[in-house]
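**Student:** What follows is input_34.cif, mmCIF, C-alpha atoms.
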data_protein
#
loop_
_atom_site.label_atom_id
_atom_site.label_comp_id
_atom_site.auth_asym_id
_atom_site.auth_seq_id
_atom_site.Cartn_x
_atom_site.Cartn_y
_atom_site.Cartn_z
CA MET A 1 -17.21 -4.73 14.04
CA GLN A 2 -14.05 -6.25 15.47
CA LEU A 3 -10.91 -8.00 14.27
CA GLN A 4 -11.69 -11.70 13.92
CA PRO A 5 -8.49 -13.77 13.91
CA VAL A 6 -8.95 -17.12 12.19
CA GLN A 7 -7.77 -19.99 14.38
CA ASP A 8 -7.97 -22.97 12.04
CA TYR A 9 -8.14 -22.56 8.31
CA SER A 10 -8.30 -25.34 5.76
CA GLY A 11 -9.83 -23.63 2.76
CA ALA A 12 -6.85 -23.86 0.41
CA ASN A 13 -7.12 -27.29 -1.20
CA TYR A 14 -4.47 -26.73 -3.81
CA PRO A 15 -0.71 -27.11 -3.42
CA THR A 16 1.82 -24.39 -2.85
CA LEU A 17 4.43 -23.99 -5.58
CA SER A 18 7.01 -25.82 -3.48
CA GLU A 19 4.65 -28.74 -2.90
CA TYR A 20 3.62 -28.86 -6.52
CA PHE A 21 7.09 -28.86 -8.02
CA GLN A 22 8.61 -31.13 -5.40
CA GLY A 23 5.96 -33.64 -6.40
CA THR A 24 7.22 -33.45 -9.96
CA GLY A 25 10.83 -34.15 -8.93
CA LYS A 26 12.07 -30.79 -10.25
CA PRO A 27 15.32 -29.54 -8.64
CA ARG A 28 15.27 -26.97 -5.84
CA ARG A 29 16.76 -24.29 -8.06
CA PHE A 30 13.87 -24.69 -10.47
CA VAL A 31 11.39 -24.30 -7.62
CA ALA A 32 13.25 -21.22 -6.35
CA TRP A 33 13.07 -19.69 -9.81
CA LYS A 34 9.34 -20.34 -10.04
CA LEU A 35 8.87 -18.74 -6.65
CA ALA A 36 10.77 -15.67 -7.83
CA VAL A 37 8.53 -15.44 -10.87
CA ALA A 38 5.49 -15.75 -8.60
CA LEU A 39 6.84 -12.97 -6.46
CA ALA A 40 7.10 -10.72 -9.48
CA ALA A 41 3.57 -11.68 -10.42
CA LEU A 42 2.39 -10.83 -6.96
CA ALA A 43 3.92 -7.39 -7.23
CA THR A 44 1.89 -6.72 -10.35
CA MET A 45 -1.30 -7.79 -8.62
CA LEU A 46 -0.78 -5.73 -5.50
CA SER A 47 -1.79 -2.51 -7.18
CA GLY A 48 -4.92 -1.25 -5.60
CA CYS A 49 -3.88 2.05 -4.20
CA ASP A 50 -5.01 4.06 -7.19
CA MET B 1 12.59 3.01 -6.94
CA ASP B 2 9.20 4.05 -8.26
CA ILE B 3 8.37 7.74 -8.62
CA ILE B 4 4.73 8.80 -8.59
CA LEU B 5 4.45 12.23 -10.17
CA HIS B 6 1.36 14.18 -9.16
CA LEU B 7 1.43 16.36 -12.26
CA THR B 8 -1.51 18.40 -10.99
CA ARG B 9 -4.08 18.52 -8.25
CA GLY B 10 -6.72 19.48 -10.77
CA CYS B 11 -9.36 17.03 -11.97
CA GLN B 12 -12.58 17.21 -13.98
CA LEU B 13 -14.33 14.85 -11.58
CA ASP B 14 -15.55 15.24 -8.04
CA CYS B 15 -15.39 11.66 -6.79
CA THR B 16 -17.01 11.15 -3.42
CA TYR B 17 -14.23 8.86 -2.17
CA CYS B 18 -11.25 10.84 -3.48
CA TYR B 19 -8.38 11.06 -1.03
CA GLY B 20 -6.76 13.93 -2.94
CA GLY B 21 -8.43 16.74 -1.04
CA ARG B 22 -9.71 19.94 -2.67
CA LYS B 23 -9.15 20.08 -6.41
CA GLN B 24 -6.94 22.89 -7.56
CA ASP B 25 -5.37 23.87 -10.84
CA CYS B 26 -1.99 23.44 -9.27
CA ALA B 27 0.43 22.00 -11.82
CA MET B 28 3.91 20.64 -11.22
CA SER B 29 6.70 22.78 -12.63
CA TRP B 30 9.17 21.34 -15.10
CA ASP B 31 11.97 21.89 -12.58
CA VAL B 32 10.21 19.70 -9.99
CA ALA B 33 9.42 17.00 -12.55
CA ARG B 34 12.97 16.92 -13.87
CA ARG B 35 14.46 16.68 -10.38
CA ALA B 36 12.08 13.86 -9.50
CA ILE B 37 13.04 11.89 -12.61
CA ASP B 38 16.69 12.49 -11.78
CA MET B 39 16.03 10.85 -8.38
CA LEU B 40 14.92 7.70 -10.15
CA PHE B 41 18.00 7.57 -12.34
CA ALA B 42 20.25 8.27 -9.35
CA ALA B 43 18.77 5.36 -7.40
CA GLU B 44 20.25 1.88 -7.29
CA PRO B 45 19.09 -0.25 -10.23
CA SER B 46 16.26 -2.62 -9.37
CA ASN B 47 14.54 -5.61 -10.87
CA PRO B 48 11.92 -4.94 -12.16
CA PRO B 49 13.22 -1.52 -13.23
CA GLY B 50 11.96 1.58 -11.48
CA GLN B 51 8.77 3.15 -12.70
CA ILE B 52 7.72 6.71 -13.38
CA ARG B 53 3.99 6.81 -12.77
CA PHE B 54 1.92 9.81 -13.79
CA PHE B 55 -0.80 10.57 -11.31
CA GLY B 56 -2.88 13.45 -10.08
CA GLY B 57 -5.48 14.87 -9.90
CA GLU B 58 -5.82 13.94 -13.53
CA PRO B 59 -2.38 13.76 -15.17
CA LEU B 60 -3.67 14.24 -18.72
CA LEU B 61 -4.70 17.78 -17.81
CA GLU B 62 -0.95 18.43 -18.00
CA LEU B 63 -0.26 16.55 -21.22
CA PRO B 64 2.59 18.80 -22.46
CA LEU B 65 4.39 18.28 -19.14
CA LEU B 66 3.76 14.54 -19.29
CA LYS B 67 5.23 14.37 -22.80
CA ARG B 68 8.24 16.40 -21.72
CA CYS B 69 8.80 13.98 -18.83
CA VAL B 70 8.62 11.00 -21.19
CA ASP B 71 11.15 12.57 -23.56
CA TYR B 72 13.47 13.50 -20.70
CA ALA B 73 13.32 10.04 -19.12
CA LYS B 74 14.13 8.45 -22.47
CA ALA B 75 17.09 10.78 -22.88
CA GLN B 76 18.29 9.85 -19.38
CA ARG B 77 17.99 6.19 -20.26
CA GLU B 78 20.18 6.78 -23.31
CA ARG B 79 22.70 8.61 -21.16
CA THR B 80 22.80 6.18 -18.22
CA GLY B 81 21.80 2.88 -19.78
CA LYS B 82 19.30 2.35 -16.95
CA PRO B 83 15.95 0.88 -17.96
CA PHE B 84 12.72 2.23 -16.52
CA ARG B 85 8.98 1.72 -16.89
CA LEU B 86 6.27 4.29 -17.50
CA GLY B 87 2.74 4.14 -16.13
CA MET B 88 -0.23 6.41 -15.68
CA THR B 89 -3.47 6.36 -13.76
CA THR B 90 -6.17 8.29 -15.60
CA ASN B 91 -9.88 8.95 -15.43
CA GLY B 92 -9.85 8.67 -19.22
CA LEU B 93 -11.81 11.84 -19.92
CA ALA B 94 -9.06 13.29 -22.12
CA VAL B 95 -8.30 10.01 -23.88
CA ASP B 96 -9.05 9.57 -27.56
CA ASP B 97 -7.63 7.24 -30.20
CA GLU B 98 -4.74 9.59 -30.94
CA LEU B 99 -3.71 9.84 -27.32
CA ALA B 100 -4.05 6.10 -26.78
CA ALA B 101 -1.75 5.58 -29.77
CA TYR B 102 0.78 8.00 -28.25
CA LEU B 103 0.73 6.09 -24.97
CA LYS B 104 1.29 2.84 -26.83
CA GLN B 105 4.10 4.29 -28.91
CA GLU B 106 5.88 5.58 -25.81
CA SER B 107 5.15 2.48 -23.69
CA VAL B 108 3.22 4.42 -21.07
CA GLU B 109 1.14 1.68 -19.44
CA PRO B 110 -2.24 3.16 -18.50
CA THR B 111 -4.57 2.17 -15.69
CA LEU B 112 -8.10 3.41 -16.27
CA SER B 113 -10.06 4.40 -13.20
CA MET B 114 -13.66 3.38 -13.86
CA ASP B 115 -16.17 1.93 -11.44
CA GLY B 116 -18.26 -0.09 -13.88
CA VAL B 117 -21.76 0.24 -15.28
CA ALA B 118 -23.37 3.67 -15.44
CA GLU B 119 -25.12 3.19 -12.10
CA ALA B 120 -21.82 2.37 -10.37
CA GLN B 121 -19.89 5.12 -12.13
CA ASP B 122 -22.52 7.74 -11.43
CA ALA B 123 -22.84 6.77 -7.78
CA CYS B 124 -19.41 8.24 -7.01
CA ARG B 125 -17.54 9.44 -10.11
CA ARG B 126 -19.46 12.42 -11.52
CA TYR B 127 -18.08 15.57 -13.06
CA ALA B 128 -17.75 18.52 -10.75
CA GLY B 129 -21.25 19.94 -11.13
CA GLY B 130 -22.92 16.55 -11.14
CA ARG B 131 -22.97 15.48 -14.79
CA SER B 132 -22.47 11.77 -15.53
CA SER B 133 -18.97 10.77 -16.63
CA PHE B 134 -19.96 7.30 -17.81
CA ALA B 135 -20.23 7.87 -21.57
CA ASP B 136 -16.92 9.74 -21.75
CA THR B 137 -15.14 7.11 -19.67
CA GLU B 138 -16.61 4.33 -21.76
CA ARG B 139 -15.17 5.96 -24.90
CA ALA B 140 -11.76 6.02 -23.22
CA LEU B 141 -12.11 2.36 -22.32
CA SER B 142 -12.68 1.49 -25.98
CA SER B 143 -9.77 3.60 -27.20
CA LEU B 144 -7.37 2.21 -24.61
CA LEU B 145 -8.41 -1.40 -25.13
CA ARG B 146 -7.68 -1.11 -28.84
CA GLN B 147 -4.06 -0.23 -28.01
CA PHE B 148 -3.70 -2.15 -24.74
CA PRO B 149 -5.58 -5.48 -24.83
CA ASN B 150 -4.24 -6.20 -21.31
CA LEU B 151 -5.42 -2.85 -19.97
CA THR B 152 -5.85 -2.68 -16.20
CA VAL B 153 -9.10 -1.13 -15.02
CA CYS B 154 -9.24 0.07 -11.44
CA ALA B 155 -12.69 0.17 -9.84
CA VAL B 156 -13.26 1.55 -6.38
CA VAL B 157 -15.72 -0.53 -4.37
CA SER B 158 -17.62 1.72 -2.02
CA PRO B 159 -20.87 1.47 -0.07
CA ALA B 160 -22.55 3.67 -2.69
CA ASN B 161 -21.76 1.41 -5.65
CA VAL B 162 -21.21 -2.06 -4.16
CA GLU B 163 -24.66 -3.31 -5.13
CA HIS B 164 -23.69 -2.83 -8.78
CA LEU B 165 -20.46 -4.82 -8.51
CA PRO B 166 -21.80 -8.00 -10.21
CA ALA B 167 -23.19 -5.97 -13.10
CA SER B 168 -19.97 -3.99 -13.35
CA LEU B 169 -17.85 -7.14 -13.52
CA ASP B 170 -20.12 -8.48 -16.26
CA TYR B 171 -19.73 -5.19 -18.07
CA PHE B 172 -15.92 -5.19 -17.88
CA LEU B 173 -15.76 -8.76 -19.16
CA ALA B 174 -18.12 -7.95 -22.01
CA GLN B 175 -15.88 -5.05 -22.98
CA GLY B 176 -12.85 -7.35 -23.07
CA VAL B 177 -11.12 -6.29 -19.85
CA ARG B 178 -8.92 -9.08 -18.47
CA ARG B 179 -7.23 -7.28 -15.58
CA ILE B 180 -9.49 -5.79 -12.96
CA VAL B 181 -8.25 -4.07 -9.83
CA LEU B 182 -10.93 -3.75 -7.18
CA ASN B 183 -9.89 -1.01 -4.80
CA PRO B 184 -11.92 -1.09 -1.58
CA ASP B 185 -12.96 2.21 -0.05
CA PHE B 186 -12.12 1.27 3.52
CA PHE B 187 -13.11 4.70 4.74
CA GLY B 188 -16.73 4.65 3.61
CA GLU B 189 -19.73 4.06 5.86
CA TRP B 190 -20.22 0.32 5.54
CA ASP B 191 -23.28 -1.12 7.28
CA ASP B 192 -24.47 -4.73 7.31
CA PRO B 193 -26.51 -4.61 4.06
CA HIS B 194 -23.48 -3.10 2.30
CA LEU B 195 -21.21 -5.81 3.67
CA GLU B 196 -23.61 -8.48 2.46
CA ALA B 197 -23.66 -6.86 -0.98
CA TRP B 198 -19.84 -6.77 -0.93
CA ARG B 199 -19.74 -10.50 -0.27
CA ARG B 200 -22.25 -11.14 -3.07
CA GLY B 201 -20.08 -9.06 -5.39
CA TYR B 202 -16.92 -10.97 -4.54
CA GLU B 203 -18.72 -14.32 -4.82
CA CYS B 204 -19.75 -13.23 -8.28
CA ALA B 205 -16.14 -12.25 -9.05
CA ALA B 206 -14.88 -15.66 -7.90
CA GLN B 207 -17.48 -17.43 -10.00
CA GLN B 208 -16.54 -15.36 -13.04
CA LEU B 209 -12.90 -16.21 -12.47
CA VAL B 210 -13.72 -19.91 -12.46
CA GLU B 211 -15.90 -19.67 -15.56
CA GLU B 212 -13.34 -17.66 -17.50
CA PHE B 213 -10.55 -20.13 -16.71
CA ARG B 214 -12.86 -22.99 -17.67
CA ALA B 215 -13.36 -21.25 -21.00
CA GLY B 216 -9.59 -21.04 -21.43
CA ARG B 217 -9.43 -17.28 -20.83
CA PRO B 218 -7.17 -16.17 -17.94
CA LEU B 219 -8.81 -13.43 -15.91
CA HIS B 220 -7.10 -11.51 -13.13
CA ILE B 221 -9.07 -9.78 -10.43
CA ASN B 222 -6.47 -8.47 -8.01
CA VAL B 223 -8.24 -9.29 -4.74
CA LEU B 224 -8.51 -12.94 -5.82
CA SER B 225 -5.35 -13.49 -7.88
CA ALA B 226 -3.13 -11.91 -5.22
CA LYS B 227 -4.59 -14.18 -2.56
CA ILE B 228 -4.06 -17.27 -4.70
CA ILE B 229 -0.43 -16.24 -5.16
CA THR B 230 0.05 -15.67 -1.43
CA HIS B 231 -0.96 -19.29 -0.89
CA LEU B 232 1.28 -20.53 -3.69
CA LYS B 233 4.35 -18.83 -2.29
CA GLY B 234 3.56 -19.04 1.43
CA GLY B 235 2.44 -15.49 2.16
CA TYR B 236 3.62 -11.96 1.61
CA GLU B 237 7.36 -11.44 1.97
CA PRO B 238 8.64 -8.07 3.21
CA CYS B 239 9.71 -7.27 -0.33
CA ASP B 240 6.11 -7.78 -1.55
CA CYS B 241 4.78 -5.11 0.77
CA CYS B 242 4.77 -1.35 0.53
CA ASP B 243 7.84 -0.15 2.39
CA PHE B 244 6.49 3.31 2.95
CA GLY B 245 8.91 5.70 1.34
CA GLN B 246 11.85 3.45 0.54
CA ARG B 247 11.00 1.86 -2.78
CA GLU B 248 8.16 4.19 -3.78
CA VAL B 249 7.97 7.96 -3.45
CA ALA B 250 5.05 10.22 -4.29
CA VAL B 251 5.99 13.69 -5.55
CA ALA B 252 3.52 16.52 -4.98
CA PRO B 253 3.31 19.38 -7.51
CA SER B 254 5.28 21.53 -5.04
CA GLY B 255 8.14 19.03 -5.00
CA ASN B 256 7.31 17.70 -1.54
CA LEU B 257 7.93 13.96 -1.15
CA TYR B 258 5.56 11.54 0.57
CA PRO B 259 5.81 7.79 1.17
CA CYS B 260 2.46 7.10 -0.49
CA GLN B 261 0.23 8.81 -3.01
CA ARG B 262 -2.59 8.73 -0.48
CA LEU B 263 -0.68 11.02 1.84
CA VAL B 264 -0.15 13.85 -0.63
CA ARG B 265 -3.74 15.07 -0.19
CA GLU B 266 -3.64 18.90 -0.22
CA ASP B 267 0.13 18.89 0.24
CA VAL B 268 0.19 20.91 3.43
CA GLY B 269 3.29 19.10 4.65
CA GLY B 270 3.30 17.81 8.20
CA PHE B 271 2.35 14.18 8.61
CA GLY B 272 4.00 11.93 6.03
CA LEU B 273 6.33 14.53 4.56
CA ILE B 274 9.68 12.83 4.01
CA GLY B 275 11.58 15.49 2.08
CA THR B 276 11.56 17.47 -1.15
CA VAL B 277 13.00 17.01 -4.61
CA PHE B 278 15.33 19.91 -3.76
CA SER B 279 16.74 18.50 -0.53
CA GLY B 280 16.15 14.78 -1.08
CA ARG B 281 14.56 12.28 1.28
CA SER B 282 15.15 12.68 4.97
CA ALA B 283 16.40 9.39 6.36
CA GLN B 284 15.16 10.35 9.80
CA SER B 285 11.64 11.14 8.53
CA CYS B 286 11.50 7.79 6.77
CA ARG B 287 12.66 5.99 9.92
CA ASP B 288 10.12 7.89 12.04
CA LEU B 289 7.31 6.44 9.96
CA GLY B 290 8.49 3.01 11.05
CA SER B 291 7.88 -0.38 9.55
CA PRO B 292 4.49 -1.97 10.14
CA ARG B 293 5.89 -5.41 9.44
CA GLU B 294 8.13 -5.41 12.49
CA GLU B 295 5.33 -5.61 15.02
CA PRO B 296 1.95 -6.65 13.67
CA SER B 297 -1.28 -6.05 15.55
CA PRO B 298 -1.31 -8.23 18.70
CA GLU B 299 -4.79 -9.42 17.79
CA CYS B 300 -3.44 -10.68 14.46
CA LEU B 301 -0.54 -12.69 15.85
CA GLY B 302 -2.60 -15.82 16.36
CA CYS B 303 -4.45 -15.60 13.05
CA SER B 304 -3.65 -18.39 10.64
CA LEU B 305 -4.26 -16.06 7.69
CA ARG B 306 -1.85 -13.41 8.94
CA ARG B 307 0.84 -14.00 6.32
CA ARG B 308 -1.71 -13.73 3.53
CA CYS B 309 -3.39 -10.62 4.91
CA ARG B 310 -2.80 -7.14 3.64
CA ASN B 311 -2.62 -5.80 7.17
CA TRP B 312 0.66 -4.08 6.38
CA CYS B 313 -0.70 -1.08 4.45
CA SER B 314 0.55 1.70 6.68
CA CYS B 315 -1.57 4.55 5.41
CA VAL B 316 -4.82 2.55 5.48
CA ASN B 317 -3.98 1.34 8.99
CA HIS B 318 -3.11 4.81 10.17
CA ARG B 319 -6.30 6.33 8.92
CA LEU B 320 -8.44 3.50 10.29
CA THR B 321 -6.81 3.03 13.70
CA GLY B 322 -4.24 5.79 14.21
CA GLY B 323 -1.42 3.25 14.23
CA PHE B 324 0.77 2.04 11.37
CA ARG B 325 0.92 -1.48 12.77
CA HIS B 326 -2.71 -1.95 13.66
CA THR B 327 -5.25 -2.66 11.01
CA GLY B 328 -8.99 -2.19 11.28
CA PRO B 329 -11.91 -4.63 11.42
CA LEU B 330 -13.04 -3.73 7.90
CA VAL B 331 -9.68 -4.75 6.45
CA CYS B 332 -9.91 -7.96 8.50
CA PHE B 333 -13.41 -8.62 7.10
CA HIS B 334 -12.21 -7.96 3.57
CA GLU B 335 -9.10 -10.11 3.75
CA ARG B 336 -10.91 -13.09 5.28
CA MET B 337 -13.54 -12.84 2.56
CA ALA B 338 -11.04 -12.46 -0.30
CA ILE B 339 -8.85 -15.35 0.91
CA GLU B 340 -11.80 -17.69 1.39
CA LEU B 341 -13.31 -16.97 -2.02
CA ALA B 342 -9.96 -17.01 -3.84
CA ASP B 343 -9.10 -20.37 -2.28
CA ARG B 344 -12.51 -21.78 -3.12
CA ALA B 345 -12.08 -20.82 -6.78
CA ALA B 346 -8.48 -22.04 -6.96
CA SER B 347 -9.25 -25.33 -5.21
CA GLN B 348 -12.05 -25.94 -7.67
CA LEU B 349 -9.89 -25.23 -10.72
CA PHE B 350 -7.00 -27.31 -9.39
CA ALA B 351 -9.30 -30.25 -8.69
CA GLU B 352 -10.52 -29.99 -12.28
CA LYS B 353 -6.87 -29.94 -13.50
CA ASN B 354 -7.79 -26.82 -15.41
CA GLU B 355 -4.91 -26.26 -17.82
CA THR B 356 -5.39 -22.52 -18.11
CA PHE B 357 -5.28 -22.19 -14.34
CA LEU B 358 -2.23 -24.43 -14.00
CA ASP B 359 -0.50 -22.54 -16.77
CA ALA B 360 -1.24 -19.13 -15.26
CA PHE B 361 -0.51 -19.87 -11.60
CA TYR B 362 1.94 -22.80 -11.63
CA MET B 363 3.63 -21.40 -14.74
CA LEU B 364 4.07 -24.67 -16.51
CA ARG B 365 5.62 -23.12 -19.57
CA GLU B 366 9.31 -22.29 -19.45
CA SER B 367 8.54 -18.66 -20.26
CA SER B 368 6.63 -16.52 -17.82
CA PRO B 369 2.96 -15.94 -18.54
CA GLU B 370 2.09 -12.63 -20.14
CA TRP B 371 0.63 -11.17 -17.00
CA VAL B 372 3.87 -11.43 -14.99
#
Kindly transcribe the structure held in the file into structure tokens.

**Tutor:**
Amino acid sequence: MQLQPVQDYSGANYPTLSEYFQGTGKPRRFVAWKLAVALAALATMLSGCD
Amino acid sequence: MDIILHLTRGCQLDCTYCYGGRKQDCAMSWDVARRAIDMLFAAEPSNPPGQIRFFGGEPLLELPLLKRCVDYAKAQRERTGKPFRLGMTTNGLAVDDELAAYLKQESVEPTLSMDGVAEAQDACRRYAGGRSSFADTERALSSLLRQFPNLTVCAVVSPANVEHLPASLDYFLAQGVRRIVLNPDFFGEWDDPHLEAWRRGYECAAQQLVEEFRAGRPLHINVLSAKIITHLKGGYEPCDCCDFGQREVAVAPSGNLYPCQRLVREDVGGFGLIGTVFSGRSAQSCRDLGSPREEPSPECLGCSLRRRCRNWCSCVNHRLTGGFRHTGPLVCFHERMAIELADRAASQLFAEKNETFLDAFYMLRESSPEWV
């Protein structure tokens, strides 16, 4: 088995948070806040070392 | 800072994949525990607040010490005004309703280590001596779920139990578990049939995720939810990754400090040792371990999934390849699979304008969802 870098990937057919909220006309600060919340969420989902 | 207290190296189980080394009735002294907790309160405040996490071996084998730590940390909070969180990883064998109520009362957030149905549990997680631990663990699951409806269950996925993964996921859902951490055993002997079974298991997980969201019930399976979030926010940031001894410190019963709980093992010092609770962390030792994010594997540089890949886990990398910065093919296989299946599920739910999905991942309400 070897490392298999992926050259072209197009499997994510859903918007990023920035794309999603920019489409709604929300201000940048709102988007930044949502990203911060997502970051915190990510931290809670990273557990897996137990 | 998070402090992981290895209250003991003793455990009732003899798990085949355990990275803790030989089991010993080797408990942490109160002096070591107190000094470790003092380290947390001496550290710079963080958001979210630092965590004291009880670990082992099996931490509930040292319940009086655990309770003393909880009381001391609360007293320190009163004294300093610094908030903190409490957590515990347990095999559940000493958990009953009374203990679950204590954990709830003291806000000790448990994670139950359980691999799933009896066949999965018995493949790797038997008592020392060979007896099945399934029935006892299942009782703990019931007791903990009554107190913690959002209980996290951590299941190791190994070659020996991977064929039971679909049944185990069904089982967890039927029991009411909504947060499932699948913890791959990257050090097992994985051959092609096992890898195919792993893919089938994750496909089943992705399908269950879709079905649960369609039914209006958010479900979080870490290997999928984390990958969805990495797409939403454009990849892992340095602050999302383990920083190997800076933000998280594992404390061995002896008081030795390590950058990761996986490196405590039999606590013989040497590789990974970054100090003691008596002398503090050695800045030089921490620097010597380096940062895997500075120079990723050359093979990975051209990969379009690199920013969403968990190729930064230093201790997994080191054990697989001998280098902190170089990950192994099995991690590559796993990450490609998890990203593909997570994106397939998320794309499907987004196309359906699934409200539960949008609410959970795009956080449409002004308040954060409960799982944040």

**Student:** From the list B:Val316, B:Cys241, B:Ile229, B:Cys124, which residue is nearest B:Gln261 when using all atoms listed in the file?

**Tutor:**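 Using all atoms listed in the file, the shortest distance to B:Gln261 belongs to B:Val316.
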
**Student:** Compare B:Glu266, B:Asp343, B:Asp115, B:Glu335 by their minimum atom-to-atom distance to A:Leu3, counting only C-alpha atoms, and give me the closest one.

**Tutor:** B:Glu335

**Student:** What would the selection look like, as a CSV table (one decimal) with C-alpha atoms, in the frame of the given file, if the PyMOL selection byres ((chain B and resi 75-84) around 8) were run on the coordinates I just shared?

**Tutor:**
chain,number,residue,atom,x,y,z
B,41,PHE,CA,18.0,7.6,-12.3
B,45,PRO,CA,19.1,-0.2,-10.2
B,49,PRO,CA,13.2,-1.5,-13.2
B,50,GLY,CA,12.0,1.6,-11.5
B,51,GLN,CA,8.8,3.2,-12.7
B,52,ILE,CA,7.7,6.7,-13.4
B,71,ASP,CA,11.2,12.6,-23.6
B,72,TYR,CA,13.5,13.5,-20.7
B,73,ALA,CA,13.3,10.0,-19.1
B,74,LYS,CA,14.1,8.4,-22.5
B,85,ARG,CA,9.0,1.7,-16.9
B,86,LEU,CA,6.3,4.3,-17.5

**Student:** Based on only C-alpha atoms, which of the residues in chain B come within 6 Å of chain A? I want them as a list in words.

**Tutor:** Asn183, Asn222, Ala226, Leu232, Cys300, Cys303, Ser304, Pro329, Cys332, Asp343, Ser347 and Val372 of chain B

**Student:** In Å to one decimal, how far is atom CA of B:Met114 from atom CA of B:Phe55?

**Tutor:**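 The value is 15.0 Å.
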
**Student:** For the atom pair atom CA of B:Ser254 and atom CA of B:Gly10, what is the interatomic distance in Å to one decimal place?

**Tutor:**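 Separating atom CA of B:Ser254 from atom CA of B:Gly10 is a distance of 13.5 Å.
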
**Student:** How many Å separate atom CA of B:Leu173 from atom CA of B:Arg262?

**Tutor:**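 Computed distance, atom CA of B:Leu173 to atom CA of B:Arg262, equals 28.8 Å.
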
**Student:** If the PyMOL selection byres ((chain B and resi 140) around 9) is run on the structure shown, which residues does it catch, given as a list in words?

**Tutor:**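 What the PyMOL selection byres ((chain B and resi 140) around 9) grabs from the file is Asn91, Gly92, Leu93, Ala94, Val95, Asp96, Asp97, Ala100, Leu112, Ala135, Asp136, Thr137, Glu138, Arg139, Leu141, Ser142, Ser143, Leu144 and Leu145 of chain B.
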
**Student:** Of the candidates B:Ala360, B:Cys309, B:Ala33, B:Val268, which one gets nearest to B:Gly20 if we count all atoms listed in the file?

**Tutor:**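 Under the stated criterion, the closest residue is B:Val268.
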
**Student:** In terms of the shortest atom-to-atom distance over all atoms listed in the file, which of B:Leu151, B:Leu61, B:Cys15, B:Ile221 is closest to B:Ala120?

**Tutor:** B:Cys15
